[in-house]
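S.K.: Coordinates in data25.cif, mmCIF, C-alpha atoms, are listed below.
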```
data_my_file
#
loop_
_atom_site.label_atom_id
_atom_site.label_comp_id
_atom_site.auth_asym_id
_atom_site.auth_seq_id
_atom_site.Cartn_x
_atom_site.Cartn_y
_atom_site.Cartn_z
CA MET Z 97 -55.99 -9.76 -5.05
CA VAL Z 98 -58.52 -10.83 -2.41
CA TYR Z 99 -57.49 -12.83 0.64
CA ILE Z 100 -59.64 -15.29 2.53
CA HIS Z 101 -59.11 -14.91 6.27
CA SER Z 102 -61.72 -17.27 7.56
CA VAL Z 103 -64.34 -19.66 6.24
CA GLY Z 104 -67.46 -21.25 7.66
CA SER Z 105 -69.81 -23.83 6.28
CA VAL Z 106 -72.93 -25.80 7.08
CA GLY Z 107 -74.82 -27.84 4.54
CA ARG Z 108 -76.25 -31.16 3.55
CA ARG Z 109 -77.32 -33.30 0.65
CA GLU Z 110 -80.98 -34.14 0.22
CA ASP Z 111 -80.44 -37.64 1.67
CA GLU Z 112 -78.94 -36.23 4.87
CA THR Z 113 -80.56 -34.34 7.73
CA LEU Z 114 -79.58 -31.03 9.27
CA ASP Z 115 -81.36 -29.97 12.45
CA VAL Z 116 -80.67 -26.25 12.30
CA LYS Z 117 -82.50 -25.46 15.55
CA ALA Z 118 -80.55 -28.08 17.50
CA SER Z 119 -77.28 -26.90 15.96
CA TRP Z 120 -78.05 -23.31 16.97
CA LYS Z 121 -79.04 -24.37 20.51
CA ALA Z 122 -75.65 -26.05 20.83
CA ILE Z 123 -74.11 -22.61 20.21
CA SER Z 124 -76.54 -20.38 22.05
CA ALA Z 125 -79.01 -21.33 24.79
CA LYS Z 126 -81.58 -18.94 23.37
CA MET Z 127 -83.10 -19.02 19.90
CA ILE Z 128 -83.11 -15.66 18.17
CA ARG Z 129 -86.74 -14.66 18.07
CA ARG Z 130 -88.59 -14.23 14.76
CA THR Z 131 -86.06 -16.22 12.80
CA ASP Z 132 -87.05 -19.07 10.53
CA ARG Z 133 -84.95 -21.92 9.16
CA PHE Z 134 -83.45 -19.90 6.29
CA ILE Z 135 -82.28 -17.17 8.66
CA GLN Z 136 -81.01 -19.73 11.17
CA LEU Z 137 -79.07 -21.42 8.37
CA ALA Z 138 -77.46 -18.08 7.53
CA LEU Z 139 -76.60 -17.48 11.18
CA LEU Z 140 -75.07 -20.95 11.60
CA GLY Z 141 -72.76 -20.61 8.60
CA ALA Z 142 -71.67 -17.09 9.54
CA TYR Z 143 -71.06 -18.23 13.12
CA ASP Z 144 -68.85 -21.04 11.83
CA ALA Z 145 -66.78 -18.49 9.89
CA LEU Z 146 -66.36 -16.10 12.82
CA LYS Z 147 -66.32 -18.40 15.84
CA GLU Z 148 -62.54 -18.35 16.24
CA ARG Z 149 -61.81 -14.72 15.48
CA ASP Z 150 -62.81 -11.18 16.30
CA VAL Z 151 -64.52 -9.24 13.58
CA LEU Z 152 -64.36 -5.48 13.09
CA SER Z 153 -67.71 -3.77 13.53
CA ASP Z 154 -67.41 -1.95 10.19
CA THR Z 155 -67.04 -5.25 8.29
CA ALA Z 156 -69.42 -5.26 5.33
CA LEU Z 157 -71.84 -8.12 4.86
CA TYR Z 158 -72.55 -9.38 1.34
CA MET Z 159 -75.01 -12.24 1.06
CA ALA Z 160 -76.23 -14.14 -1.99
CA SER Z 161 -79.04 -16.60 -2.49
CA GLY Z 162 -80.46 -18.28 -5.53
CA GLN Z 163 -84.07 -18.22 -4.41
CA GLY Z 164 -83.95 -16.29 -1.13
CA ASN Z 165 -86.27 -17.31 1.68
CA LEU Z 166 -88.49 -19.52 -0.43
CA ALA Z 167 -90.22 -21.21 2.53
CA VAL Z 168 -91.65 -17.99 3.87
CA PHE Z 169 -92.62 -16.85 0.39
CA LYS Z 170 -94.52 -20.13 -0.10
CA ARG Z 171 -96.20 -19.71 3.30
CA LEU Z 172 -97.24 -16.14 2.45
CA ARG Z 173 -98.65 -17.29 -0.85
CA ASP Z 174 -100.66 -20.05 0.86
CA GLN Z 175 -101.94 -17.64 3.54
CA ARG Z 176 -103.04 -15.13 0.95
CA TYR Z 177 -104.47 -17.30 -1.81
CA ILE Z 178 -105.49 -20.58 -0.15
CA GLN Z 179 -106.37 -19.62 3.44
CA LYS Z 180 -107.54 -16.13 2.31
CA GLN Z 181 -105.79 -14.57 5.31
CA PRO Z 182 -103.49 -11.57 5.43
CA PRO Z 183 -99.83 -12.49 5.99
CA LYS Z 184 -98.45 -12.66 9.50
CA PRO Z 185 -96.32 -9.56 10.14
CA VAL Z 186 -93.20 -11.59 10.99
CA ASP Z 187 -93.59 -13.70 7.84
CA PHE Z 188 -93.99 -10.55 5.77
CA ILE Z 189 -90.81 -9.06 7.23
CA ASN Z 190 -88.88 -12.31 6.79
CA SER Z 191 -89.94 -12.45 3.15
CA LEU Z 192 -87.98 -9.27 2.44
CA SER Z 193 -84.76 -10.06 0.66
CA ASN Z 194 -82.23 -8.99 3.23
CA THR Z 195 -83.80 -10.03 6.52
CA ALA Z 196 -81.29 -12.85 6.95
CA GLY Z 197 -78.48 -10.35 6.40
CA PHE Z 198 -80.02 -8.11 9.05
CA TYR Z 199 -80.05 -10.91 11.63
CA VAL Z 200 -76.45 -11.91 10.85
CA ALA Z 201 -75.32 -8.29 11.17
CA GLN Z 202 -77.29 -7.86 14.38
CA TYR Z 203 -75.87 -11.03 15.97
CA PHE Z 204 -72.26 -10.13 15.15
CA GLU Z 205 -72.82 -6.40 15.77
CA LEU Z 206 -71.77 -5.47 12.24
CA THR Z 207 -72.60 -1.91 11.27
CA GLY Z 208 -71.00 -1.81 7.81
CA LYS Z 209 -72.66 -2.05 4.41
CA ASN Z 210 -75.21 -4.85 4.17
CA LEU Z 211 -75.93 -6.15 0.67
CA ASN Z 212 -78.07 -8.96 -0.62
CA ILE Z 213 -78.31 -10.34 -4.12
CA SER Z 214 -80.60 -13.02 -5.38
CA ARG Z 215 -79.67 -14.45 -8.75
CA GLN Z 216 -80.47 -17.81 -10.29
CA SER Z 217 -77.02 -18.46 -11.71
CA LEU Z 218 -73.52 -17.36 -10.79
CA SER Z 219 -74.78 -15.48 -7.75
CA ILE Z 220 -71.59 -16.20 -5.77
CA GLU Z 221 -69.34 -15.27 -8.68
CA THR Z 222 -71.26 -11.99 -9.11
CA LEU Z 223 -70.96 -11.20 -5.41
CA LEU Z 224 -67.28 -12.16 -5.31
CA LEU Z 225 -66.61 -9.86 -8.25
CA LEU Z 226 -68.36 -7.02 -6.43
CA ALA Z 227 -66.33 -7.76 -3.28
CA GLN Z 228 -63.12 -7.96 -5.32
CA ASN Z 229 -63.82 -4.52 -6.80
CA ASP Z 230 -64.85 -2.93 -3.49
CA LEU Z 231 -61.73 -4.25 -1.76
CA ALA Z 232 -59.48 -3.15 -4.65
CA LEU Z 233 -61.01 0.33 -4.56
CA LYS Z 234 -60.62 0.36 -0.75
CA ARG Z 235 -64.32 0.96 -0.29
CA GLU Z 236 -64.25 -1.84 2.28
CA SER Z 237 -61.46 -3.29 4.41
CA TYR Z 238 -63.23 -6.53 5.39
CA ILE Z 239 -66.22 -8.22 3.80
CA LEU Z 240 -68.12 -11.16 5.26
CA LEU Z 241 -69.49 -12.83 2.14
CA GLY Z 242 -71.94 -15.70 2.24
CA GLY Z 243 -74.18 -17.82 0.09
CA VAL Z 244 -77.33 -19.28 1.61
CA ASP Z 245 -79.88 -21.60 0.04
CA GLU Z 246 -82.45 -23.75 1.79
CA LEU Z 247 -83.71 -27.05 0.39
CA GLN Z 248 -87.48 -27.04 0.35
CA GLU Z 249 -89.50 -30.18 0.94
CA PRO Z 250 -90.91 -31.89 -0.98
CA VAL Z 251 -87.78 -32.19 -3.10
CA ALA Z 252 -89.93 -32.27 -6.26
CA PHE Z 253 -91.03 -28.69 -5.45
CA THR Z 254 -87.39 -27.53 -5.32
CA GLN Z 255 -86.54 -29.45 -8.51
CA LYS Z 256 -89.37 -27.63 -10.27
CA THR Z 257 -88.36 -24.24 -8.82
CA LEU Z 258 -84.72 -24.68 -9.79
CA GLY Z 259 -85.55 -26.24 -13.14
CA VAL Z 260 -83.31 -29.26 -12.61
CA CYS Z 261 -83.90 -32.86 -13.59
CA ASP Z 262 -84.76 -35.67 -11.15
CA ALA Z 263 -81.24 -37.08 -11.34
CA THR Z 264 -79.57 -33.94 -9.94
CA PRO Z 265 -78.79 -34.48 -6.26
CA LEU Z 266 -80.02 -31.42 -4.39
CA GLY Z 267 -78.68 -29.90 -1.23
CA GLU Z 268 -78.64 -26.79 0.90
CA GLY Z 269 -75.93 -24.77 2.47
CA SER Z 270 -74.72 -21.67 4.20
CA ASN Z 271 -71.12 -20.96 3.25
CA TRP Z 272 -69.24 -17.85 4.34
CA LEU Z 273 -65.86 -16.27 3.66
CA LEU Z 274 -64.25 -13.38 5.49
CA LEU Z 275 -62.43 -11.43 2.77
CA SER Z 276 -59.86 -8.65 2.85
CA SER Z 277 -57.17 -7.14 0.65
CA GLU Z 278 -54.78 -7.66 3.59
CA LYS Z 279 -52.53 -10.70 3.10
CA MET Z 280 -51.20 -11.03 6.63
CA GLY Z 281 -52.95 -13.81 8.51
CA ALA Z 282 -54.87 -14.99 5.44
CA LYS Z 283 -55.59 -18.65 4.69
CA ALA Z 284 -55.88 -18.34 0.91
CA SER Z 285 -55.99 -15.94 -1.99
CA LEU Z 286 -58.94 -15.60 -4.32
CA VAL Z 287 -59.42 -14.14 -7.78
CA VAL Z 288 -62.67 -14.18 -9.72
CA SER Z 289 -62.68 -13.57 -13.48
CA LYS Z 290 -63.94 -10.17 -14.52
CA LYS Z 291 -65.11 -11.25 -17.95
CA ARG Z 292 -67.08 -14.20 -19.23
CA LEU Z 293 -64.95 -16.66 -21.18
CA ASP Z 294 -66.02 -18.64 -24.21
CA ARG Z 295 -65.00 -22.29 -24.55
CA ASP Z 296 -61.76 -21.60 -26.42
CA SER Z 297 -60.67 -18.81 -24.05
CA LEU Z 298 -61.36 -21.10 -21.09
CA LEU Z 299 -59.27 -23.92 -22.57
CA THR Z 300 -56.43 -21.49 -23.39
CA ARG Z 301 -56.63 -20.16 -19.83
CA LEU Z 302 -56.45 -23.68 -18.36
CA GLU Z 303 -53.53 -24.70 -20.55
CA ARG Z 304 -51.39 -22.34 -18.44
CA GLU Z 305 -52.23 -24.27 -15.25
CA GLU Z 306 -49.99 -26.93 -13.76
CA ALA Z 307 -51.37 -30.46 -13.74
CA THR Z 308 -51.27 -30.35 -9.92
CA THR Z 309 -54.05 -27.74 -9.95
CA PHE Z 310 -57.42 -28.93 -8.72
CA VAL Z 311 -60.44 -28.17 -10.87
CA SER Z 312 -64.12 -28.16 -9.94
CA PHE Z 313 -67.05 -27.91 -12.27
CA GLY Z 314 -70.29 -26.09 -11.54
CA TYR Z 315 -73.59 -27.64 -12.56
CA HIS Z 316 -73.94 -25.42 -15.63
CA CYS Z 317 -70.73 -26.57 -17.33
CA LYS Z 318 -71.38 -28.41 -20.58
CA ALA Z 319 -70.38 -32.09 -20.45
CA GLU Z 320 -68.34 -31.84 -23.66
CA ASP Z 321 -66.41 -28.86 -22.28
CA VAL Z 322 -65.69 -30.73 -19.02
CA SER Z 323 -64.34 -33.63 -21.10
CA ALA Z 324 -62.17 -31.23 -23.12
CA ILE Z 325 -60.72 -29.71 -19.93
CA LYS Z 326 -59.98 -33.15 -18.48
CA ALA Z 327 -58.26 -34.09 -21.73
CA LEU Z 328 -56.00 -31.02 -21.53
CA LYS Z 329 -54.04 -32.18 -18.48
CA PRO Z 330 -54.52 -34.77 -15.74
CA PHE Z 331 -56.07 -32.22 -13.38
CA GLN Z 332 -57.30 -33.48 -10.03
CA VAL Z 333 -61.03 -32.91 -9.64
CA PHE Z 334 -62.08 -31.43 -6.31
CA GLU Z 335 -65.60 -32.48 -5.35
CA VAL Z 336 -68.00 -31.23 -2.71
CA LYS Z 337 -70.73 -33.62 -1.60
CA GLU Z 338 -73.25 -30.92 -0.68
CA GLY Z 339 -75.62 -31.47 -3.59
CA TYR Z 340 -76.84 -28.75 -5.93
CA HIS Z 341 -78.13 -25.42 -4.77
CA GLU Z 342 -77.62 -22.07 -6.42
CA THR Z 343 -74.86 -20.84 -4.11
CA VAL Z 344 -72.93 -24.12 -4.07
CA ALA Z 345 -69.90 -22.26 -5.51
CA ALA Z 346 -69.35 -20.83 -2.03
CA ALA Z 347 -69.23 -24.39 -0.66
CA TYR Z 348 -66.40 -25.23 -3.08
CA CYS Z 349 -64.48 -22.19 -1.82
CA THR Z 350 -64.98 -22.91 1.89
CA HIS Z 351 -64.39 -26.67 1.63
CA PHE Z 352 -61.22 -26.24 -0.42
CA VAL Z 353 -59.71 -23.82 2.10
CA THR Z 354 -60.66 -26.11 4.98
CA LYS Z 355 -59.78 -29.50 3.54
CA GLN Z 356 -57.19 -29.08 0.81
CA LYS Z 357 -53.85 -27.44 0.12
CA GLY Z 358 -52.89 -26.05 -3.27
CA ARG Z 359 -54.69 -24.32 -6.08
CA LEU Z 360 -58.31 -24.65 -7.17
CA ILE Z 361 -59.95 -23.49 -10.36
CA TYR Z 362 -63.74 -23.52 -9.97
CA ILE Z 363 -65.54 -23.20 -13.28
CA ASP Z 364 -69.20 -22.49 -13.89
CA ALA Z 365 -71.25 -20.90 -16.61
CA ASP Z 366 -74.41 -19.12 -17.58
CA LYS Z 367 -75.79 -18.27 -21.01
CA ASN Z 368 -73.14 -15.55 -21.42
CA GLY Z 369 -70.17 -17.88 -20.94
CA TYR Z 370 -67.82 -19.30 -18.34
CA THR Z 371 -66.52 -17.76 -15.12
CA VAL Z 372 -63.53 -18.88 -13.11
CA ILE Z 373 -62.79 -18.60 -9.41
CA GLU Z 374 -59.14 -19.18 -8.50
CA ILE Z 375 -58.25 -20.10 -4.93
CA GLU Z 376 -54.72 -20.73 -3.70
CA THR Z 377 -54.08 -21.74 -0.11
CA LEU Z 378 -51.26 -19.89 1.68
CA MET H 669 -119.73 -16.52 31.85
CA ILE H 670 -117.69 -13.33 31.65
CA GLY H 671 -114.28 -13.89 30.05
CA SER H 672 -112.16 -13.08 33.10
CA GLN H 673 -113.93 -15.91 34.95
CA ASP H 674 -113.30 -18.40 32.13
CA GLU H 675 -110.00 -20.17 32.85
CA VAL H 676 -110.07 -22.11 29.54
CA LEU H 677 -110.42 -18.91 27.51
CA LYS H 678 -107.64 -17.21 29.47
CA LEU H 679 -105.32 -20.19 28.95
CA ARG H 680 -106.06 -20.07 25.19
CA LEU H 681 -105.28 -16.36 25.13
CA LYS H 682 -102.00 -16.81 27.02
CA THR H 683 -100.96 -19.69 24.77
CA MET H 684 -101.77 -17.65 21.66
CA ILE H 685 -99.73 -14.67 22.90
CA ILE H 686 -96.75 -16.85 23.83
CA GLU H 687 -96.83 -18.67 20.49
CA GLU H 688 -97.40 -15.59 18.31
CA CYS H 689 -94.61 -13.69 20.07
CA GLU H 690 -92.26 -16.71 20.19
CA LYS H 691 -91.90 -16.52 23.97
CA GLU H 692 -91.89 -20.26 24.49
CA ASP H 693 -89.48 -19.92 27.43
CA ILE H 694 -92.44 -18.48 29.38
CA ALA H 695 -95.14 -20.92 30.52
CA PRO H 696 -98.79 -19.79 30.25
CA GLU H 697 -99.24 -20.25 34.01
CA ASP H 698 -96.37 -17.80 34.63
CA LEU H 699 -98.37 -15.04 32.95
CA ALA H 700 -100.56 -13.29 35.54
CA ASP H 701 -104.15 -12.47 34.59
CA ASP H 702 -104.04 -8.90 35.83
CA VAL H 703 -100.59 -7.74 34.79
CA GLU H 704 -100.19 -5.22 31.95
CA LEU H 705 -98.98 -7.27 28.99
CA PHE H 706 -96.97 -4.40 27.50
CA SER H 707 -95.11 -3.57 30.71
CA ASP H 708 -91.87 -4.68 32.30
CA ALA H 709 -93.90 -6.45 34.98
CA SER H 710 -95.20 -9.05 32.48
CA GLY H 711 -91.67 -10.25 31.70
CA LEU H 712 -92.72 -10.65 28.06
CA GLU H 713 -90.69 -7.73 26.69
CA LEU H 714 -93.23 -7.15 23.92
CA ASP H 715 -92.79 -4.55 21.18
CA SER H 716 -94.87 -3.09 18.38
CA LEU H 717 -94.28 -6.07 16.08
CA ASP H 718 -95.57 -8.36 18.83
CA ALA H 719 -98.67 -6.17 18.96
CA LEU H 720 -99.24 -6.86 15.26
CA GLN H 721 -98.69 -10.58 15.78
CA ILE H 722 -101.18 -10.63 18.69
CA SER H 723 -103.66 -8.67 16.60
CA MET H 724 -103.38 -11.31 13.86
CA GLY H 725 -103.69 -14.12 16.41
CA LEU H 726 -106.88 -12.57 17.81
CA GLN H 727 -108.28 -12.32 14.30
CA THR H 728 -107.45 -15.87 13.19
CA GLN H 729 -108.00 -17.77 16.45
CA PHE H 730 -110.71 -15.71 18.19
CA LYS H 731 -112.40 -14.00 15.22
CA VAL H 732 -111.81 -10.64 16.91
CA ARG H 733 -110.83 -7.83 14.58
CA LEU H 734 -109.36 -4.75 16.22
CA GLY H 735 -109.77 -1.75 13.95
CA ASP H 736 -106.66 0.25 14.71
CA SER H 737 -103.81 0.74 17.16
CA LYS H 738 -105.95 2.92 19.45
CA GLU H 739 -108.50 0.15 19.84
CA PHE H 740 -105.69 -2.38 20.34
CA ARG H 741 -104.19 -0.30 23.15
CA ARG H 742 -107.63 0.05 24.76
CA VAL H 743 -108.46 -3.67 24.58
CA VAL H 744 -105.16 -5.51 24.92
CA THR H 745 -104.09 -4.42 28.37
CA THR H 746 -104.31 -7.45 30.66
CA ILE H 747 -105.42 -11.03 30.08
CA ASN H 748 -108.53 -10.36 32.18
CA ALA H 749 -109.46 -7.27 30.15
CA LEU H 750 -108.88 -9.03 26.87
CA ALA H 751 -110.93 -12.04 27.96
CA ASP H 752 -113.79 -9.75 29.03
CA TYR H 753 -113.71 -7.99 25.65
CA ILE H 754 -113.89 -11.30 23.78
CA GLN H 755 -116.55 -12.78 26.08
CA PRO H 756 -118.49 -9.96 27.75
CA GLU H 757 -121.03 -12.25 29.39
#
```
In structure tokens, how does this file's structure come out?
M.R.:
Amino acid sequence: MVYIHSVGSVGRREDETLDVKASWKAISAKMIRRTDRFIQLALLGAYDALKERDVLSDTALYMASGQGNLAVFKRLRDQRYIQKQPPKPVDFINSLSNTAGFYVAQYFELTGKNLNISRQSLSIETLLLLAQNDLALKRESYILLGGVDELQEPVAFTQKTLGVCDATPLGEGSNWLLLSSEKMGAKASLVVSKKRLDRDSLLTRLEREEATTFVSFGYHCKAEDVSAIKALKPFQVFEVKEGYHETVAAAYCTHFVTKQKGRLIYIDADKNGYTVIEIETL
Amino acid sequence: MIGSQDEVLKLRLKTMIIEECEKEDIAPEDLADDVELFSDASGLELDSLDALQISMGLQTQFKVRLGDSKEFRRVVTTINALADYIQPE
């Protein structure tokens, strides 16, 4: 069993604005040099998770992103192929996958393991499963786990990159959870499914839930399966208004712990089947 | 006009260095013409990555290509020295 000790979240839908620089300046008088918006987004979310508590220096940092720092990648591409210039050194460094994780670790003086995964679907579920295993095996005592995705303008560019239709409301977010196998002082428990479930296994699994359980559906759930789940029991649907990005599952986790009491089943899928994240507030 | 006498060139160089190194809390006029840029006295606290950024800024904004780190260390000492290198007469 994994316990959530703290959560932090910043995000927005595409029709909202989020001035990341101004938000960071409200926290710290000085901008952290050589950081771009993606990194600042990561810092803001992690700060929100840790602002009211001390964190052990050997806390591990696991970070996921669907696309990584896409803005700097796009800038590098333009510099190289359109402007015919070599990349700026800082842009090149920031294009590396774990630079945001480095800056978060540096700011909070974390010296533990620092991991980054970039995966187009179920990136949070994959990272949570890794954290669940590492905590169960006592490889780590605390893990700061976050999902960060930045919405790129124009929105049509992001729609094309993500392969989503025009009707899907997009968003961005930086959502972080401080996890441990220690129950004392925790806000919620969390379990992520170890195996993919097919439709029938998922329905069987949900039949065991009380009707008071909240359910949330990721963007890759099939509409007919969502209807079948809703027909099982009068589950309450827990919604997050952050819009779609590839680590939005982390937003469901952080928002539920912050805003709701009870039990949440978050369901999403990829081509191999369904995954389930269970959260129960304490 | 030799570069160190050209106030416009020196202001452009200072602005480029401040922007490339993200030192916007320092105003160009606060940067002395004859102080060693890579010294505590400059107040810039520059490191090796800043050197690369400045090298790129010189290339893109001033069309000056410095071959290697030895040449960089020889040329990029003070604003006056850099200005004289870019505009020797």
S.K.: When you get a sec, could you note down which chain H residues fall within 10 Å of chain Z, using all atoms listed in the file, as a list in words?
M.R.: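 In the required form, that comes to Glu688, Cys689, Glu690, Lys691, Glu692, Asp693, Leu717, Asp718, Ala719, Leu720, Gln721, Ile722, Ser723, Met724, Gly725, Gln727 and Thr728 of chain H.
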S.K.: Take the residues just selected and output them with C-alpha atoms as a short mmCIF file (atom, residue, chain, number, x, y, z; two decimals), in the frame of the given file.
M.R.:
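So the final result, stored in part38.cif, reads:
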```cif
data_model
loop_
_atom_site.label_atom_id
_atom_site.label_comp_id
_atom_site.auth_asym_id
_atom_site.auth_seq_id
_atom_site.Cartn_x
_atom_site.Cartn_y
_atom_site.Cartn_z
CA GLU H 688 -97.40 -15.59 18.31
CA CYS H 689 -94.61 -13.69 20.07
CA GLU H 690 -92.26 -16.71 20.19
CA LYS H 691 -91.90 -16.52 23.97
CA GLU H 692 -91.89 -20.26 24.49
CA ASP H 693 -89.48 -19.92 27.43
CA LEU H 717 -94.28 -6.07 16.08
CA ASP H 718 -95.57 -8.36 18.83
CA ALA H 719 -98.67 -6.17 18.96
CA LEU H 720 -99.24 -6.86 15.26
CA GLN H 721 -98.69 -10.58 15.78
CA ILE H 722 -101.18 -10.63 18.69
CA SER H 723 -103.66 -8.67 16.60
CA MET H 724 -103.38 -11.31 13.86
CA GLY H 725 -103.69 -14.12 16.41
CA GLN H 727 -108.28 -12.32 14.30
CA THR H 728 -107.45 -15.87 13.19
#
```
S.K.: Using the chain letters and numbers from the file, give me the residues hit by the PyMOL selection byres ((chain H and resi 753) around 10), as a PDB file with C-alpha atoms, in the frame of the given file.
M.R.:
```pdb
ATOM      1  CA  ILE H 670    -117.690 -13.330  31.650  1.00  0.00           C
ATOM      2  CA  GLY H 671    -114.280 -13.890  30.050  1.00  0.00           C
ATOM      3  CA  SER H 672    -112.160 -13.080  33.100  1.00  0.00           C
ATOM      4  CA  VAL H 732    -111.810 -10.640  16.910  1.00  0.00           C
ATOM      5  CA  VAL H 743    -108.460  -3.670  24.580  1.00  0.00           C
ATOM      6  CA  VAL H 744    -105.160  -5.510  24.920  1.00  0.00           C
ATOM      7  CA  ILE H 747    -105.420 -11.030  30.080  1.00  0.00           C
ATOM      8  CA  ASN H 748    -108.530 -10.360  32.180  1.00  0.00           C
ATOM      9  CA  ALA H 749    -109.460  -7.270  30.150  1.00  0.00           C
ATOM     10  CA  LEU H 750    -108.880  -9.030  26.870  1.00  0.00           C
ATOM     11  CA  ALA H 751    -110.930 -12.040  27.960  1.00  0.00           C
ATOM     12  CA  ASP H 752    -113.790  -9.750  29.030  1.00  0.00           C
ATOM     13  CA  ILE H 754    -113.890 -11.300  23.780  1.00  0.00           C
ATOM     14  CA  GLN H 755    -116.550 -12.780  26.080  1.00  0.00           C
ATOM     15  CA  PRO H 756    -118.490  -9.960  27.750  1.00  0.00           C
ATOM     16  CA  GLU H 757    -121.030 -12.250  29.390  1.00  0.00           C
TER      17      GLU H 757
END
```
S.K.: From the list Z:Thr371, Z:Ser270, Z:Ser191, Z:Gln163, which residue is nearest Thr254 in chain Z when using all atoms listed in the file?
M.R.: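 Smallest separation from Thr254 in chain Z among the options: Z:Gln163.
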S.K.: Suppose a student applies the PyMOL selection byres ((chain Z and resi 308) around 9) to this structure; what residues should they get, written as a PDB file with C-alpha atoms, keeping the file's coordinate frame?
M.R.:
```pdb
ATOM      1  CA  GLU Z 305     -52.230 -24.270 -15.250  1.00  0.00           C
ATOM      2  CA  GLU Z 306     -49.990 -26.930 -13.760  1.00  0.00           C
ATOM      3  CA  ALA Z 307     -51.370 -30.460 -13.740  1.00  0.00           C
ATOM      4  CA  THR Z 309     -54.050 -27.740  -9.950  1.00  0.00           C
ATOM      5  CA  PHE Z 310     -57.420 -28.930  -8.720  1.00  0.00           C
ATOM      6  CA  PRO Z 330     -54.520 -34.770 -15.740  1.00  0.00           C
ATOM      7  CA  PHE Z 331     -56.070 -32.220 -13.380  1.00  0.00           C
ATOM      8  CA  GLN Z 332     -57.300 -33.480 -10.030  1.00  0.00           C
ATOM      9  CA  GLY Z 358     -52.890 -26.050  -3.270  1.00  0.00           C
ATOM     10  CA  ARG Z 359     -54.690 -24.320  -6.080  1.00  0.00           C
TER      11      ARG Z 359
END
```
S.K.: To test your reading of the syntax: which residues would the PyMOL selection byres ((chain Z and resi 229-244) around 7) return for the file shown? Reply as a list in words.
M.R.: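 Residues picked by the PyMOL selection byres ((chain Z and resi 229-244) around 7): Ala138, Thr155, Ala156, Leu157, Tyr158, Met159, Ala160, Ser161, Ile220, Leu225, Leu226, Ala227, Gln228, Asp245, Glu246, Gly269, Ser270, Asn271, Trp272, Leu273, Leu274, Leu275, Ser276, Ser277, Thr343 and Ala346 of chain Z.
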S.K.: Dump C-alpha atoms for the selected residues as an mmCIF file, in the frame of the given file?
M.R.:
```cif
data_model
loop_
_atom_site.group_PDB
_atom_site.id
_atom_site.type_symbol
_atom_site.label_atom_id
_atom_site.label_comp_id
_atom_site.auth_asym_id
_atom_site.auth_seq_id
_atom_site.Cartn_x
_atom_site.Cartn_y
_atom_site.Cartn_z
ATOM 1 C CA ALA Z 138 -77.460 -18.080 7.530
ATOM 2 C CA THR Z 155 -67.040 -5.250 8.290
ATOM 3 C CA ALA Z 156 -69.420 -5.260 5.330
ATOM 4 C CA LEU Z 157 -71.840 -8.120 4.860
ATOM 5 C CA TYR Z 158 -72.550 -9.380 1.340
ATOM 6 C CA MET Z 159 -75.010 -12.240 1.060
ATOM 7 C CA ALA Z 160 -76.230 -14.140 -1.990
ATOM 8 C CA SER Z 161 -79.040 -16.600 -2.490
ATOM 9 C CA ILE Z 220 -71.590 -16.200 -5.770
ATOM 10 C CA LEU Z 225 -66.610 -9.860 -8.250
ATOM 11 C CA LEU Z 226 -68.360 -7.020 -6.430
ATOM 12 C CA ALA Z 227 -66.330 -7.760 -3.280
ATOM 13 C CA GLN Z 228 -63.120 -7.960 -5.320
ATOM 14 C CA ASP Z 245 -79.880 -21.600 0.040
ATOM 15 C CA GLU Z 246 -82.450 -23.750 1.790
ATOM 16 C CA GLY Z 269 -75.930 -24.770 2.470
ATOM 17 C CA SER Z 270 -74.720 -21.670 4.200
ATOM 18 C CA ASN Z 271 -71.120 -20.960 3.250
ATOM 19 C CA TRP Z 272 -69.240 -17.850 4.340
ATOM 20 C CA LEU Z 273 -65.860 -16.270 3.660
ATOM 21 C CA LEU Z 274 -64.250 -13.380 5.490
ATOM 22 C CA LEU Z 275 -62.430 -11.430 2.770
ATOM 23 C CA SER Z 276 -59.860 -8.650 2.850
ATOM 24 C CA SER Z 277 -57.170 -7.140 0.650
ATOM 25 C CA THR Z 343 -74.860 -20.840 -4.110
ATOM 26 C CA ALA Z 346 -69.350 -20.830 -2.030
#
```
S.K.: When you draw a straight line from CA of Lys117 in chain Z to CA of Val336 in chain Z, how long is it in Å?
M.R.: 24.0 Å
S.K.: Can you tell me how far CA of Ala700 in chain H sits from CA of Thr746 in chain H, in Å to one decimal?
M.R.: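 Rounded to one decimal, the two atoms are 8.5 Å apart.
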S.K.: Using all atoms listed in the file, which protein or nucleic acid residues come within 12 Å of Ile694 in chain H? Drop anything in the same chain fewer than 3 positions from it, and give the result as a CSV table (one decimal) with C-alpha atoms, in the coordinates of the input.
M.R.:
```
chain,number,residue,atom,x,y,z
H,682,LYS,CA,-102.0,-16.8,27.0
H,683,THR,CA,-101.0,-19.7,24.8
H,685,ILE,CA,-99.7,-14.7,22.9
H,686,ILE,CA,-96.8,-16.8,23.8
H,687,GLU,CA,-96.8,-18.7,20.5
H,689,CYS,CA,-94.6,-13.7,20.1
H,690,GLU,CA,-92.3,-16.7,20.2
H,691,LYS,CA,-91.9,-16.5,24.0
H,697,GLU,CA,-99.2,-20.2,34.0
H,698,ASP,CA,-96.4,-17.8,34.6
H,699,LEU,CA,-98.4,-15.0,33.0
H,700,ALA,CA,-100.6,-13.3,35.5
H,710,SER,CA,-95.2,-9.0,32.5
H,711,GLY,CA,-91.7,-10.2,31.7
H,712,LEU,CA,-92.7,-10.6,28.1
H,713,GLU,CA,-90.7,-7.7,26.7
```
